Amino acid sequence: MGYVDEVLAKVKEKNASEPEFLQAVEEVLESLRPVIEANEELYKKNAILERITEPDRQIMFRVPWVDDNGQVQVNRGFRVQFNNAIGPYKGGLRLHPSVNLSIIKFLGFEQVFKNSLTTLPIGGGKGGSDFDPKGKSDREIMAFCQSFMTELYKYIGADTDVPAGDIGTGAREIGFLFGQYKRIRGLYEGVLTGKGLTYGGSLARTQATGYGLCYFTNELLREHGMSFDGMTTVISGSGNVAIYACEKAQTLGAKVVALSDSNGYIYDRDGIKLDVVKQIKEVERGRISEYAKRVPGSVYTEGCSGIWSIKCDIALPCATQNEICAESAALLVKNGVKAVCEGANMPSTPEAIETFLKSGVFFGPAKAANAGGVATSGLEMSQNSLRLSWTFEEVDEKLCGIMKNIYKNASEAAKEFGMEGNLVAGANIAGFMKVADAMLWQGI
Ligand code: NDP
Ligand code: 2IT
């Protein structure tokens, strides 16, 4: 049995109850085969694959807080510090009832390679809680965030581990978390990114994941003689990533016709009116179904996977993991989709990815395509260290340069190892090489 298969078997045995984590590891290790085989003795002797698939540490803790009725509630908190070979642990905090160790580990594992691809000095980690922010009052959100940070502060710091936003964690939550960290530690430091602009946040961080996704997609399209101009585009989700992907895609000339949330999707054949979406989602924290009540001619349909039955040229999944299954992928292909680029983390199942690659659809995997968010978090860390803030244009230009570079590196790595055009393999290989090299230099 070869080294890759040996490690895969061990990882499966040790983490049998963690399906999302195993899915992420399997995808990465499978695509690393040519790199590992070219240097098997060195990697095996140093147990690089065993070490890269085992987090440095995983922290789980109780988060008690008091709701508006005076009732004590208890949630579970997580922080998985996966790998800090190339910089302090860095990655978001997800607040969603589905959160468990498997999900946080898959996200932390992906983050290691994604952060490496940005070319910035950031390691990989992820955290969160099974707390559901939906329908909670601002006071309840604050109570939860303060309790969460009262435990988390022991493990993080500007040079140790720098959390940020993810599903359910936006500017409001980051503010409460930062306030509590500052109070407990008595330190004013860039311990979180995605901060408000009045207290150390970076301009363009809010837009960065969505904009970055479009910069990446644009590069991919350009390479194949296309552009967003006139392209019918479907975007799933209607949160931070989806909204700013929609904004940039529209600026680049795309016609975005659909958005969704976990209940259903809207279709507007005249093109989504983003000001209406922003009012519903960012100001009112409402449901996407509201859109159909406010915009004549638009239609709301219950159930979120139906969004992939809409005929489109470009699909940008920006909601959550495994939201595109084999059948949805087959439908997209049948309807003539040209490019699929992932704004969410691991939104396509392995079968869906295979369908896209086999059908010649241009496919941008998450760890390359959505790296603009964490890259701009890296730029926020730099600005905090310098005690300076750059203009929106400066940050946006750097972000655009980083995304073009990620495309180039992933594309060249795929070519070098005989898999031209396969950006899944290219991104995994390019991300892996730098981290593995740093681990080798640093000893065990
Ligand atoms: P938000 O919380 O702002 O938005 C999430 C959106 O996805 C909402 O519309 C939500 O709908 C929908 N959603 C969540 N869970 C499900 C589900 N199980 N089925 C269908 N829809 C669902 O999160 P973000 O926009 O920040 O994150 C979206 C994705 O992008 C995630 O995969 C995240 O990991 C990834 N990402 C985020 C980055 C960032 O900087 N924020 C950076 C890189 C990746 P509802 O309101 O009904 O829950
Ligand atoms: O998945 C991700 O890359 C994020 N949620 C952003 C992480 C960050 O540290 O900005």
# chains A, B, ... in the order shown; residues from 1 in each chain; ligands from 1
call {"tool": "residues_near_ligand", "arguments": {"ligand": "ligand 1", "cutoff": "8 Å", "atoms": "only C-alpha atoms and all ligand atoms", "output": "ChimeraX atom specification"}}
result
/A:92,94,96,98,107,134,164-170,205-206,208-209,236-243,260-263,287-288,304-305,318-321,323,343-347,366,370-374
call {"tool": "select_by_dssp", "arguments": {"residues": "range 293-347 of chain A", "states": "strand (DSSP E or B)", "output": "number ranges by chain"}}
result
A: 299-302, 314-316, 324, 339-341
call {"tool": "select_by_dssp", "arguments": {"residues": "range 1-100 of chain A", "states": "helix (DSSP H, G or I)", "output": "number ranges by chain"}}
result
A: 3-14, 19-38, 40-45, 48-52
call {"tool": "write_last_selection", "arguments": {"atoms": "C-alpha atoms", "output": "mmCIF file, in the first residue's frame"}}
result
data_model
loop_
_atom_site.group_PDB
_atom_site.id
_atom_site.type_symbol
_atom_site.label_atom_id
_atom_site.label_comp_id
_atom_site.auth_asym_id
_atom_site.auth_seq_id
_atom_site.Cartn_x
_atom_site.Cartn_y
_atom_site.Cartn_z
ATOM 1 C CA TYR A 3 1.888 6.190 1.646
ATOM 2 C CA VAL A 4 -1.244 8.183 0.666
ATOM 3 C CA ASP A 5 -3.502 5.125 0.998
ATOM 4 C CA GLU A 6 -1.884 4.142 4.265
ATOM 5 C CA VAL A 7 -2.589 7.577 5.783
ATOM 6 C CA LEU A 8 -6.089 7.754 4.324
ATOM 7 C CA ALA A 9 -6.942 4.412 5.937
ATOM 8 C CA LYS A 10 -5.567 5.607 9.302
ATOM 9 C CA VAL A 11 -7.433 8.932 9.141
ATOM 10 C CA LYS A 12 -10.689 7.117 8.311
ATOM 11 C CA GLU A 13 -10.253 4.736 11.197
ATOM 12 C CA LYS A 14 -9.405 7.453 13.714
ATOM 13 C CA PRO A 19 -17.971 12.628 7.660
ATOM 14 C CA GLU A 20 -17.291 16.253 6.616
ATOM 15 C CA PHE A 21 -13.723 16.088 7.885
ATOM 16 C CA LEU A 22 -13.103 12.809 6.054
ATOM 17 C CA GLN A 23 -14.597 14.256 2.863
ATOM 18 C CA ALA A 24 -12.186 17.202 2.980
ATOM 19 C CA VAL A 25 -9.137 15.053 3.791
ATOM 20 C CA GLU A 26 -9.936 12.536 1.088
ATOM 21 C CA GLU A 27 -10.227 15.233 -1.578
ATOM 22 C CA VAL A 28 -6.902 16.822 -0.629
ATOM 23 C CA LEU A 29 -4.895 13.621 -0.189
ATOM 24 C CA GLU A 30 -6.208 12.088 -3.409
ATOM 25 C CA SER A 31 -5.084 15.093 -5.408
ATOM 26 C CA LEU A 32 -1.670 15.194 -3.693
ATOM 27 C CA ARG A 33 -0.752 11.718 -4.972
ATOM 28 C CA PRO A 34 1.633 12.884 -7.728
ATOM 29 C CA VAL A 35 3.446 15.266 -5.352
ATOM 30 C CA ILE A 36 3.779 12.666 -2.615
ATOM 31 C CA GLU A 37 4.843 9.925 -5.001
ATOM 32 C CA ALA A 38 7.586 12.161 -6.397
ATOM 33 C CA GLU A 40 7.531 9.642 -0.919
ATOM 34 C CA GLU A 41 10.534 8.739 1.209
ATOM 35 C CA LEU A 42 11.024 12.249 2.589
ATOM 36 C CA TYR A 43 7.327 12.870 3.308
ATOM 37 C CA LYS A 44 6.828 9.432 4.846
ATOM 38 C CA LYS A 45 9.916 9.563 7.055
ATOM 39 C CA ILE A 48 4.016 14.902 6.920
ATOM 40 C CA LEU A 49 0.578 13.549 5.932
ATOM 41 C CA GLU A 50 -0.153 12.168 9.410
ATOM 42 C CA ARG A 51 0.841 15.517 10.926
ATOM 43 C CA ILE A 52 -1.051 17.675 8.433
#
call {"tool": "residues_around", "arguments": {"residues": "Leu203 in chain A", "least_positions_apart": "3", "cutoff": "9 Å", "atoms": "only C-alpha atoms", "output": "JSON, numbers by chain"}}
result
{"A": [197, 206, 207, 380, 389, 390, 391, 392, 393, 395, 396]}
call {"tool": "write_last_selection", "arguments": {"atoms": "N, CA and C atoms", "output": "mmCIF file, in the first residue's frame"}}
result
data_model
loop_
_atom_site.group_PDB
_atom_site.id
_atom_site.type_symbol
_atom_site.label_atom_id
_atom_site.label_comp_id
_atom_site.auth_asym_id
_atom_site.auth_seq_id
_atom_site.Cartn_x
_atom_site.Cartn_y
_atom_site.Cartn_z
ATOM 1 N N LEU A 197 -15.113 49.638 11.325
ATOM 2 C CA LEU A 197 -14.117 50.568 10.778
ATOM 3 C C LEU A 197 -13.640 51.590 11.803
ATOM 4 N N THR A 206 -15.597 43.617 4.437
ATOM 5 C CA THR A 206 -16.988 43.162 4.293
ATOM 6 C C THR A 206 -17.235 42.617 2.880
ATOM 7 N N GLN A 207 -16.689 43.302 1.896
ATOM 8 C CA GLN A 207 -16.934 42.925 0.496
ATOM 9 C C GLN A 207 -16.006 41.808 0.026
ATOM 10 N N GLU A 380 -5.902 43.135 7.061
ATOM 11 C CA GLU A 380 -6.349 43.840 8.287
ATOM 12 C C GLU A 380 -5.311 43.662 9.395
ATOM 13 N N SER A 389 -4.335 52.720 8.472
ATOM 14 C CA SER A 389 -5.370 52.086 7.655
ATOM 15 C C SER A 389 -5.268 52.548 6.218
ATOM 16 N N TRP A 390 -5.376 51.575 5.335
ATOM 17 C CA TRP A 390 -5.287 51.828 3.907
ATOM 18 C C TRP A 390 -6.659 52.212 3.371
ATOM 19 N N THR A 391 -6.686 52.868 2.209
ATOM 20 C CA THR A 391 -7.965 53.265 1.604
ATOM 21 C C THR A 391 -8.653 52.032 1.012
ATOM 22 N N PHE A 392 -9.946 52.191 0.727
ATOM 23 C CA PHE A 392 -10.708 51.097 0.106
ATOM 24 C C PHE A 392 -10.011 50.652 -1.185
ATOM 25 N N GLU A 393 -9.603 51.631 -1.964
ATOM 26 C CA GLU A 393 -8.993 51.327 -3.276
ATOM 27 C C GLU A 393 -7.697 50.538 -3.106
ATOM 28 N N VAL A 395 -6.816 48.528 -0.603
ATOM 29 C CA VAL A 395 -7.093 47.159 -0.155
ATOM 30 C C VAL A 395 -7.688 46.345 -1.312
ATOM 31 N N ASP A 396 -8.632 46.955 -2.022
ATOM 32 C CA ASP A 396 -9.308 46.269 -3.123
ATOM 33 C C ASP A 396 -8.304 45.886 -4.224
#
call {"tool": "atom_distance", "arguments": {"atom1": "CA of Val435 in chain A", "atom2": "CA of Tyr211 in chain A"}}
result
26.2 Å
call {"tool": "atom_distance", "arguments": {"atom1": "CA of Ala413 in chain A", "atom2": "CA of Ala438 in chain A"}}
result
18.0 Å
call {"tool": "residues_around", "arguments": {"residues": "Lys415 in chain A", "least_positions_apart": "3", "cutoff": "12 Å", "atoms": "only C-alpha atoms", "output": "JSON list (two decimals) with all heavy atoms, in the first residue's frame"}}
result
[["chain", "number", "residue", "atom", "x", "y", "z"],
["A", 34, "PRO", "N", 0.42, 12.72, -6.91],
["A", 34, "PRO", "CA", 1.63, 12.88, -7.73],
["A", 34, "PRO", "C", 2.77, 13.60, -6.98],
["A", 34, "PRO", "O", 3.94, 13.27, -7.18],
["A", 34, "PRO", "CB", 1.17, 13.72, -8.93],
["A", 34, "PRO", "CG", -0.21, 14.18, -8.63],
["A", 34, "PRO", "CD", -0.76, 13.33, -7.55],
["A", 408, "LYS", "N", -3.29, 31.94, -10.86],
["A", 408, "LYS", "CA", -2.08, 31.61, -11.63],
["A", 408, "LYS", "C", -1.33, 30.45, -10.95],
["A", 408, "LYS", "O", -0.95, 29.47, -11.62],
["A", 408, "LYS", "CB", -1.19, 32.86, -11.68],
["A", 408, "LYS", "CG", 0.07, 32.72, -12.46],
["A", 408, "LYS", "CD", 0.69, 34.13, -12.67],
["A", 408, "LYS", "CE", 2.16, 34.04, -13.02],
["A", 408, "LYS", "NZ", 3.01, 33.83, -11.85],
["A", 409, "ASN", "N", -1.15, 30.52, -9.64],
["A", 409, "ASN", "CA", -0.41, 29.48, -8.93],
["A", 409, "ASN", "C", -1.11, 28.13, -8.99],
["A", 409, "ASN", "O", -0.45, 27.09, -9.19],
["A", 409, "ASN", "CB", -0.17, 29.88, -7.46],
["A", 409, "ASN", "CG", 0.84, 31.01, -7.34],
["A", 409, "ASN", "OD1", 1.57, 31.30, -8.29],
["A", 409, "ASN", "ND2", 0.88, 31.66, -6.20],
["A", 410, "ALA", "N", -2.43, 28.14, -8.81],
["A", 410, "ALA", "CA", -3.18, 26.87, -8.84],
["A", 410, "ALA", "C", -3.13, 26.29, -10.25],
["A", 410, "ALA", "O", -2.93, 25.08, -10.44],
["A", 410, "ALA", "CB", -4.63, 27.10, -8.40],
["A", 411, "SER", "N", -3.27, 27.16, -11.23],
["A", 411, "SER", "CA", -3.29, 26.70, -12.61],
["A", 411, "SER", "C", -1.92, 26.14, -13.01],
["A", 411, "SER", "O", -1.82, 25.09, -13.66],
["A", 411, "SER", "CB", -3.72, 27.91, -13.45],
["A", 411, "SER", "OG", -3.46, 27.72, -14.76],
["A", 412, "GLU", "N", -0.85, 26.82, -12.59],
["A", 412, "GLU", "CA", 0.50, 26.35, -12.93],
["A", 412, "GLU", "C", 0.86, 25.05, -12.20],
["A", 412, "GLU", "O", 1.50, 24.16, -12.77],
["A", 412, "GLU", "CB", 1.53, 27.43, -12.61],
["A", 412, "GLU", "CG", 1.50, 28.54, -13.65],
["A", 412, "GLU", "CD", 2.46, 29.70, -13.37],
["A", 412, "GLU", "OE1", 3.19, 29.65, -12.35],
["A", 412, "GLU", "OE2", 2.44, 30.64, -14.16],
["A", 418, "GLY", "N", 0.92, 17.49, -14.34],
["A", 418, "GLY", "CA", 0.23, 16.72, -15.38],
["A", 418, "GLY", "C", -1.28, 16.73, -15.32],
["A", 418, "GLY", "O", -1.92, 15.81, -15.82],
["A", 419, "MET", "N", -1.87, 17.75, -14.66],
["A", 419, "MET", "CA", -3.33, 17.79, -14.58],
["A", 419, "MET", "C", -3.86, 19.13, -15.04],
["A", 419, "MET", "O", -4.66, 19.78, -14.35],
["A", 419, "MET", "CB", -3.76, 17.49, -13.14],
["A", 419, "MET", "CG", -3.52, 16.04, -12.75],
["A", 419, "MET", "SD", -3.94, 15.70, -11.04],
["A", 419, "MET", "CE", -2.52, 16.39, -10.21],
["A", 420, "GLU", "N", -3.39, 19.57, -16.17],
["A", 420, "GLU", "CA", -3.73, 20.90, -16.67],
["A", 420, "GLU", "C", -5.24, 21.15, -16.64],
["A", 420, "GLU", "O", -6.04, 20.32, -17.04],
["A", 420, "GLU", "CB", -3.20, 21.05, -18.11],
["A", 420, "GLU", "CG", -3.31, 22.47, -18.59],
["A", 420, "GLU", "CD", -2.51, 22.75, -19.86],
["A", 420, "GLU", "OE1", -1.79, 21.85, -20.34],
["A", 420, "GLU", "OE2", -2.62, 23.88, -20.36],
["A", 421, "GLY", "N", -5.61, 22.33, -16.13],
["A", 421, "GLY", "CA", -7.02, 22.71, -16.08],
["A", 421, "GLY", "C", -7.75, 22.23, -14.83],
["A", 421, "GLY", "O", -8.85, 22.69, -14.54],
["A", 422, "ASN", "N", -7.13, 21.32, -14.07],
["A", 422, "ASN", "CA", -7.79, 20.82, -12.86],
["A", 422, "ASN", "C", -7.37, 21.69, -11.66],
["A", 422, "ASN", "O", -6.35, 21.45, -11.00],
["A", 422, "ASN", "CB", -7.39, 19.35, -12.64],
["A", 422, "ASN", "CG", -8.07, 18.74, -11.42],
["A", 422, "ASN", "OD1", -8.58, 19.46, -10.56],
["A", 422, "ASN", "ND2", -8.08, 17.42, -11.35],
["A", 423, "LEU", "N", -8.20, 22.69, -11.38],
["A", 423, "LEU", "CA", -7.84, 23.64, -10.30],
["A", 423, "LEU", "C", -8.03, 23.05, -8.91],
["A", 423, "LEU", "O", -7.49, 23.56, -7.94],
["A", 423, "LEU", "CB", -8.65, 24.94, -10.45],
["A", 423, "LEU", "CG", -8.36, 25.73, -11.73],
["A", 423, "LEU", "CD1", -9.33, 26.90, -11.85],
["A", 423, "LEU", "CD2", -6.92, 26.25, -11.77],
["A", 424, "VAL", "N", -8.80, 21.96, -8.81],
["A", 424, "VAL", "CA", -8.94, 21.29, -7.51],
["A", 424, "VAL", "C", -7.56, 20.76, -7.12],
["A", 424, "VAL", "O", -7.04, 21.06, -6.03],
["A", 424, "VAL", "CB", -9.95, 20.12, -7.59],
["A", 424, "VAL", "CG1", -10.01, 19.37, -6.27],
["A", 424, "VAL", "CG2", -11.33, 20.63, -7.97],
["A", 425, "ALA", "N", -6.95, 20.02, -8.04],
["A", 425, "ALA", "CA", -5.62, 19.48, -7.76],
["A", 425, "ALA", "C", -4.60, 20.61, -7.63],
["A", 425, "ALA", "O", -3.78, 20.62, -6.71],
["A", 425, "ALA", "CB", -5.21, 18.53, -8.89],
["A", 426, "GLY", "N", -4.67, 21.59, -8.52],
["A", 426, "GLY", "CA", -3.70, 22.69, -8.51],
["A", 426, "GLY", "C", -3.72, 23.46, -7.20],
["A", 426, "GLY", "O", -2.66, 23.78, -6.63],
["A", 427, "ALA", "N", -4.91, 23.76, -6.68],
["A", 427, "ALA", "CA", -5.02, 24.53, -5.44],
["A", 427, "ALA", "C", -4.50, 23.70, -4.26],
["A", 427, "ALA", "O", -3.77, 24.20, -3.40],
["A", 427, "ALA", "CB", -6.47, 24.93, -5.19],
["A", 429, "ILE", "N", -2.32, 21.24, -4.34],
["A", 429, "ILE", "CA", -0.87, 21.06, -4.46],
["A", 429, "ILE", "C", -0.13, 22.35, -4.07],
["A", 429, "ILE", "O", 0.78, 22.33, -3.23],
["A", 429, "ILE", "CB", -0.49, 20.61, -5.90],
["A", 429, "ILE", "CG1", -1.02, 19.20, -6.15],
["A", 429, "ILE", "CG2", 1.02, 20.67, -6.10],
["A", 429, "ILE", "CD1", -0.94, 18.74, -7.60],
["A", 430, "ALA", "N", -0.56, 23.48, -4.66],
["A", 430, "ALA", "CA", 0.14, 24.75, -4.37],
["A", 430, "ALA", "C", 0.03, 25.09, -2.88],
["A", 430, "ALA", "O", 1.01, 25.53, -2.26],
["A", 430, "ALA", "CB", -0.45, 25.86, -5.23]]
call {"tool": "residues_around", "arguments": {"residues": "range 88-91 of chain A", "least_positions_apart": "5", "cutoff": "7 Å", "atoms": "only C-alpha atoms", "output": "VMD selection string"}}
result
chain A and resid 81 83 111 122 to 126 159 to 164
call {"tool": "write_last_selection", "arguments": {"atoms": "N, CA, C and O atoms", "output": "PDB file, in the first residue's frame"}}
result
ATOM      1  N   GLN A  81      -7.256  24.512  16.368  1.00  0.00           N
ATOM      2  CA  GLN A  81      -6.038  25.158  15.880  1.00  0.00           C
ATOM      3  C   GLN A  81      -5.314  24.104  15.066  1.00  0.00           C
ATOM      4  O   GLN A  81      -4.703  23.189  15.609  1.00  0.00           O
ATOM      5  N   ASN A  83      -2.992  24.167  12.134  1.00  0.00           N
ATOM      6  CA  ASN A  83      -1.583  24.140  11.709  1.00  0.00           C
ATOM      7  C   ASN A  83      -1.049  25.573  11.713  1.00  0.00           C
ATOM      8  O   ASN A  83      -1.656  26.466  11.122  1.00  0.00           O
ATOM      9  N   GLN A 111      -8.801  25.457   5.692  1.00  0.00           N
ATOM     10  CA  GLN A 111      -8.232  26.792   5.933  1.00  0.00           C
ATOM     11  C   GLN A 111      -6.697  26.782   5.849  1.00  0.00           C
ATOM     12  O   GLN A 111      -6.088  27.753   5.418  1.00  0.00           O
ATOM     13  N   ILE A 122      -0.136  33.258   7.260  1.00  0.00           N
ATOM     14  CA  ILE A 122      -1.208  32.870   8.178  1.00  0.00           C
ATOM     15  C   ILE A 122      -1.419  31.351   8.171  1.00  0.00           C
ATOM     16  O   ILE A 122      -1.529  30.730   7.120  1.00  0.00           O
ATOM     17  N   GLY A 123      -1.483  30.788   9.377  1.00  0.00           N
ATOM     18  CA  GLY A 123      -1.761  29.370   9.544  1.00  0.00           C
ATOM     19  C   GLY A 123      -3.262  29.133   9.516  1.00  0.00           C
ATOM     20  O   GLY A 123      -4.042  30.051   9.237  1.00  0.00           O
ATOM     21  N   GLY A 124      -3.684  27.893   9.806  1.00  0.00           N
ATOM     22  CA  GLY A 124      -5.098  27.566   9.659  1.00  0.00           C
ATOM     23  C   GLY A 124      -5.782  27.139  10.946  1.00  0.00           C
ATOM     24  O   GLY A 124      -5.234  26.347  11.728  1.00  0.00           O
ATOM     25  N   GLY A 125      -6.992  27.646  11.167  1.00  0.00           N
ATOM     26  CA  GLY A 125      -7.814  27.230  12.306  1.00  0.00           C
ATOM     27  C   GLY A 125      -9.260  27.582  12.032  1.00  0.00           C
ATOM     28  O   GLY A 125      -9.565  28.249  11.046  1.00  0.00           O
ATOM     29  N   LYS A 126     -10.144  27.104  12.868  1.00  0.00           N
ATOM     30  CA  LYS A 126     -11.571  27.429  12.713  1.00  0.00           C
ATOM     31  C   LYS A 126     -12.256  27.199  14.045  1.00  0.00           C
ATOM     32  O   LYS A 126     -11.787  26.396  14.856  1.00  0.00           O
ATOM     33  N   ASP A 159      -0.732  37.358  17.818  1.00  0.00           N
ATOM     34  CA  ASP A 159       0.360  36.557  17.253  1.00  0.00           C
ATOM     35  C   ASP A 159       0.169  35.062  17.487  1.00  0.00           C
ATOM     36  O   ASP A 159       1.097  34.273  17.274  1.00  0.00           O
ATOM     37  N   THR A 160      -1.005  34.680  18.000  1.00  0.00           N
ATOM     38  CA  THR A 160      -1.255  33.269  18.336  1.00  0.00           C
ATOM     39  C   THR A 160      -2.326  32.675  17.429  1.00  0.00           C
ATOM     40  O   THR A 160      -2.096  31.674  16.743  1.00  0.00           O
ATOM     41  N   ASP A 161      -3.492  33.301  17.470  1.00  0.00           N
ATOM     42  CA  ASP A 161      -4.658  32.770  16.771  1.00  0.00           C
ATOM     43  C   ASP A 161      -5.633  33.932  16.604  1.00  0.00           C
ATOM     44  O   ASP A 161      -5.986  34.589  17.596  1.00  0.00           O
ATOM     45  N   VAL A 162      -6.035  34.193  15.381  1.00  0.00           N
ATOM     46  CA  VAL A 162      -6.865  35.375  15.081  1.00  0.00           C
ATOM     47  C   VAL A 162      -8.180  34.957  14.411  1.00  0.00           C
ATOM     48  O   VAL A 162      -8.230  34.773  13.192  1.00  0.00           O
ATOM     49  N   PRO A 163      -9.255  34.773  15.198  1.00  0.00           N
ATOM     50  CA  PRO A 163     -10.547  34.393  14.615  1.00  0.00           C
ATOM     51  C   PRO A 163     -11.187  35.536  13.815  1.00  0.00           C
ATOM     52  O   PRO A 163     -10.740  36.687  13.862  1.00  0.00           O
ATOM     53  N   ALA A 164     -12.262  35.198  13.093  1.00  0.00           N
ATOM     54  CA  ALA A 164     -12.975  36.175  12.245  1.00  0.00           C
ATOM     55  C   ALA A 164     -14.405  35.692  12.058  1.00  0.00           C
ATOM     56  O   ALA A 164     -14.867  34.810  12.787  1.00  0.00           O
TER      57      ALA A 164
END
call {"tool": "residues_around", "arguments": {"residues": "Phe113 in chain A", "least_positions_apart": "6", "cutoff": "7 Å", "atoms": "only C-alpha atoms", "output": "VMD selection string"}}
result
chain A and resid 367 428 431 to 432
call {"tool": "residues_around", "arguments": {"residues": "Gly364 in chain A", "least_positions_apart": "3", "cutoff": "9 Å", "atoms": "only C-alpha atoms", "output": "VMD selection string"}}
result
chain A and resid 216 to 217 220 339 to 342 367 to 369 407 422 to 424
call {"tool": "decode", "arguments": {"residues": "range 135-151 of chain A", "atoms": "N, CA, C and O atoms", "output": "CSV table (one decimal), in the first residue's frame"}}
result
chain,number,residue,atom,x,y,z
A,135,GLY,N,-33.2,35.0,15.2
A,135,GLY,CA,-34.3,35.3,16.1
A,135,GLY,C,-33.9,35.7,17.5
A,135,GLY,O,-34.8,36.0,18.3
A,136,LYS,N,-32.6,35.8,17.7
A,136,LYS,CA,-32.2,36.3,19.1
A,136,LYS,C,-32.1,37.8,19.1
A,136,LYS,O,-31.9,38.5,18.1
A,137,SER,N,-32.3,38.4,20.3
A,137,SER,CA,-32.2,39.8,20.5
A,137,SER,C,-30.8,40.2,20.5
A,137,SER,O,-29.9,39.3,20.7
A,138,ASP,N,-30.5,41.5,20.3
A,138,ASP,CA,-29.1,41.9,20.4
A,138,ASP,C,-28.5,41.6,21.7
A,138,ASP,O,-27.3,41.3,21.8
A,139,ARG,N,-29.3,41.8,22.8
A,139,ARG,CA,-28.8,41.5,24.1
A,139,ARG,C,-28.4,40.0,24.3
A,139,ARG,O,-27.4,39.7,24.9
A,140,GLU,N,-29.2,39.1,23.7
A,140,GLU,CA,-28.9,37.7,23.8
A,140,GLU,C,-27.6,37.4,23.0
A,140,GLU,O,-26.8,36.6,23.5
A,141,ILE,N,-27.5,38.0,21.9
A,141,ILE,CA,-26.3,37.8,21.0
A,141,ILE,C,-25.1,38.3,21.9
A,141,ILE,O,-24.0,37.6,21.9
A,142,MET,N,-25.2,39.4,22.5
A,142,MET,CA,-24.1,39.9,23.3
A,142,MET,C,-23.8,39.0,24.5
A,142,MET,O,-22.6,38.7,24.8
A,143,ALA,N,-24.8,38.5,25.1
A,143,ALA,CA,-24.6,37.6,26.3
A,143,ALA,C,-23.9,36.3,25.8
A,143,ALA,O,-22.9,35.9,26.5
A,144,PHE,N,-24.3,35.8,24.7
A,144,PHE,CA,-23.6,34.6,24.1
A,144,PHE,C,-22.1,34.9,23.8
A,144,PHE,O,-21.2,34.2,24.2
A,145,CYS,N,-21.9,36.0,23.1
A,145,CYS,CA,-20.5,36.3,22.6
A,145,CYS,C,-19.6,36.6,23.8
A,145,CYS,O,-18.5,36.2,23.8
A,146,GLN,N,-20.1,37.3,24.8
A,146,GLN,CA,-19.3,37.5,26.0
A,146,GLN,C,-18.9,36.2,26.7
A,146,GLN,O,-17.8,36.0,27.1
A,147,SER,N,-19.9,35.3,26.8
A,147,SER,CA,-19.6,34.0,27.5
A,147,SER,C,-18.6,33.2,26.6
A,147,SER,O,-17.6,32.6,27.2
A,148,PHE,N,-18.8,33.2,25.3
A,148,PHE,CA,-17.9,32.5,24.4
A,148,PHE,C,-16.5,33.0,24.6
A,148,PHE,O,-15.5,32.2,24.7
A,149,MET,N,-16.3,34.3,24.5
A,149,MET,CA,-15.0,34.9,24.6
A,149,MET,C,-14.4,34.7,26.0
A,149,MET,O,-13.1,34.6,26.1
A,150,THR,N,-15.2,34.6,27.0
A,150,THR,CA,-14.7,34.4,28.4
A,150,THR,C,-13.9,33.1,28.5
A,150,THR,O,-12.9,33.0,29.3
A,151,GLU,N,-14.2,32.2,27.6
A,151,GLU,CA,-13.4,30.9,27.6
A,151,GLU,C,-12.3,31.0,26.5
A,151,GLU,O,-11.1,30.6,26.7
